[in-house]
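Chemist: The structure under discussion is supplied below as structure tokens; questions concerning it will follow.
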Amino acid sequence: MRSLLRAAVFAALLLGSGASTAERTSSPEPDVVRVFTLRHRKAEEAFLVVRPLLTPRGSLVLQPALNALTVRDAGRAVELAARAVESFDVPPRAFAISVALFRATTAPPQRAAPTPVTEQIRAVGARLKRLFSFTDYTPLDDVVLQGLEGEKFSWNLGGSHRIDFLLEAGNGDDVVRLRNLVLARVRRDERGSETVRDVARTSINLKLREPFVLGVGREEGGSAALFLVLSAAPVGPGPGIGGLR
């Protein structure tokens, strides 16, 4: 009798264990599919924002013609994607991009009448002296370009150079990207014909209100070096690109 009772208890324990195991291995959460159509930003850019948020089983389909993304994943991951798209798909922001072109040499500075420069440019020159081995930094030109994300900028610097770039949103609210930035040397002959030669070509990320120093090579026909100093700051809505000297 006791043997029979022990067998019954053991069987009950096995059944209970099997039930709990079945509960633990219940079927996975069903996938959720959601389509996001962007109004202000490119779906290709949103793809890079959403992809890291998905689980290994998730999928992401890009539809450039519709400027849309289709997300398929667990409900929690799709919800995270929705929040990311909502934060990303905002109207283009306006920025002021400060650009300064410097000529750097190791020769003693020539004595000449002082050229009026702003406190900001003077501070940049002092910073360059601390960072590099050059002893003299002469500002050739500085300008503030204002515009919106997605717009192209082009501006002449110092009468002999031109800067071009595309302003894009960066990875984060405090970063902007200058894509396809080109500094070109421009020469004009007596007939007014232009000869343009690229000095530097790159893309950079600017953290807001932090100067970015970019060495762009040697000056033509001499040993002096050229430096670009760039910075970005948000501005209110405006009419578009403008140059402020």
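So you can find residues: chains in the structure tokens are A, B, ... in the order shown, residues in each start at 1, and ligands are numbered from 1 in order.
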Would you mind listing what lies within 9 Å of Asn67 (chain A) as a list of chain:residue names, with only C-alpha atoms counted and same-chain residues fewer than 6 positions away left out?

Modeler: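 In the requested format, the answer is A:Phe36, A:Thr37, A:Leu38, A:Arg39, A:Arg41, A:Lys42, A:Ala43, A:Glu44.
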
Chemist: Which polymer residues have any atom within 9 Å of an atom of Lys207 (chain A), counting only C-alpha atoms, with same-chain residues fewer than 2 positions away left out, as a list in words?

Modeler: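 Answer for this query is Gly170, Asp174, Val175, Val176, Arg177, Asn205, Arg209, Glu210, Pro211, Phe212, Ser231, Ala232 and Ala233 of chain A.
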
Chemist: Hey, which of A:His161, A:Arg72, A:Lys152, A:Arg51 ends up closest to Val186 (chain A)? Count only C-alpha atoms.

Modeler: A:His161

Chemist: Any idea what the distance is between CA of Val90 (chain A) and CA of Val78 (chain A)?

Modeler: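 Separation between CA of Val90 (chain A) and CA of Val78 (chain A): 19.3 Å.
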
Chemist: Counting only C-alpha atoms, figure out which residue out of A:Val235, A:Leu166, A:Leu226, A:Val50 gets nearest to Ser203 (chain A).

Modeler: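 Looking at the shortest contact to Ser203 (chain A), the residue is A:Leu166.
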
Chemist: I'd like the contact shell of Gly215 (chain A) - 7 Å cut-off, only C-alpha atoms, skipping same-chain residues fewer than 2 positions apart - returned as a list of chain:residue names.

Modeler: A:Val213, A:Gly217, A:Leu226, A:Phe227, A:Leu228

Chemist: Apply DSSP to the structure's backbone, then extract all residues of region 24-167 of chain A labelled alpha helix (DSSP H) and return them as a PyMOL selection string.

Modeler: chain A and resi 24+43-50+75-88+119-131

Chemist: Taking only C-alpha atoms into account, name the residue in A:Ile163, A:Leu69, A:Leu178, A:Ala94 that is nearest to Asp198 (chain A).

Modeler: A:Ile163

Chemist: Rounded to one decimal place, report the CA of Ala81 (chain A)-CA of Phe95 (chain A) distance in Å.

Modeler: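 Interatomic distance here is 27.0 Å.
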
Chemist: Compile the contact shell of Arg83 (chain A) as a list in words: residues with an atom at most 12 Å away, counting only C-alpha atoms, same-chain residues fewer than 3 positions apart removed.

Modeler: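 Skipping anything fewer than 3 positions along the chain leaves Phe36, Ala46, Val49, Val50, Leu53, Arg76, Ala77, Val78, Glu79, Leu80, Glu86, Ser87, Phe88 and Asp89 of chain A.
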
Chemist: Please determine, counting only C-alpha atoms, which residue among A:Ala169, A:Val99, A:Ala74, A:Leu214 has the shortest atom-to-atom distance to Leu140 (chain A).

Modeler: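 Closest to Leu140 (chain A), using only C-alpha atoms: A:Val99.
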
Chemist: Any idea what the distance is between CA of Val199 (chain A) and CA of Asn156 (chain A)?

Modeler: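 Rounded to one decimal, the two atoms are 13.8 Å apart.
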
Chemist: Nearest residue to Arg93 (chain A) out of A:Gln63, A:Gln146, A:Thr106, A:Thr138, using only C-alpha atoms?

Modeler: A:Gln146
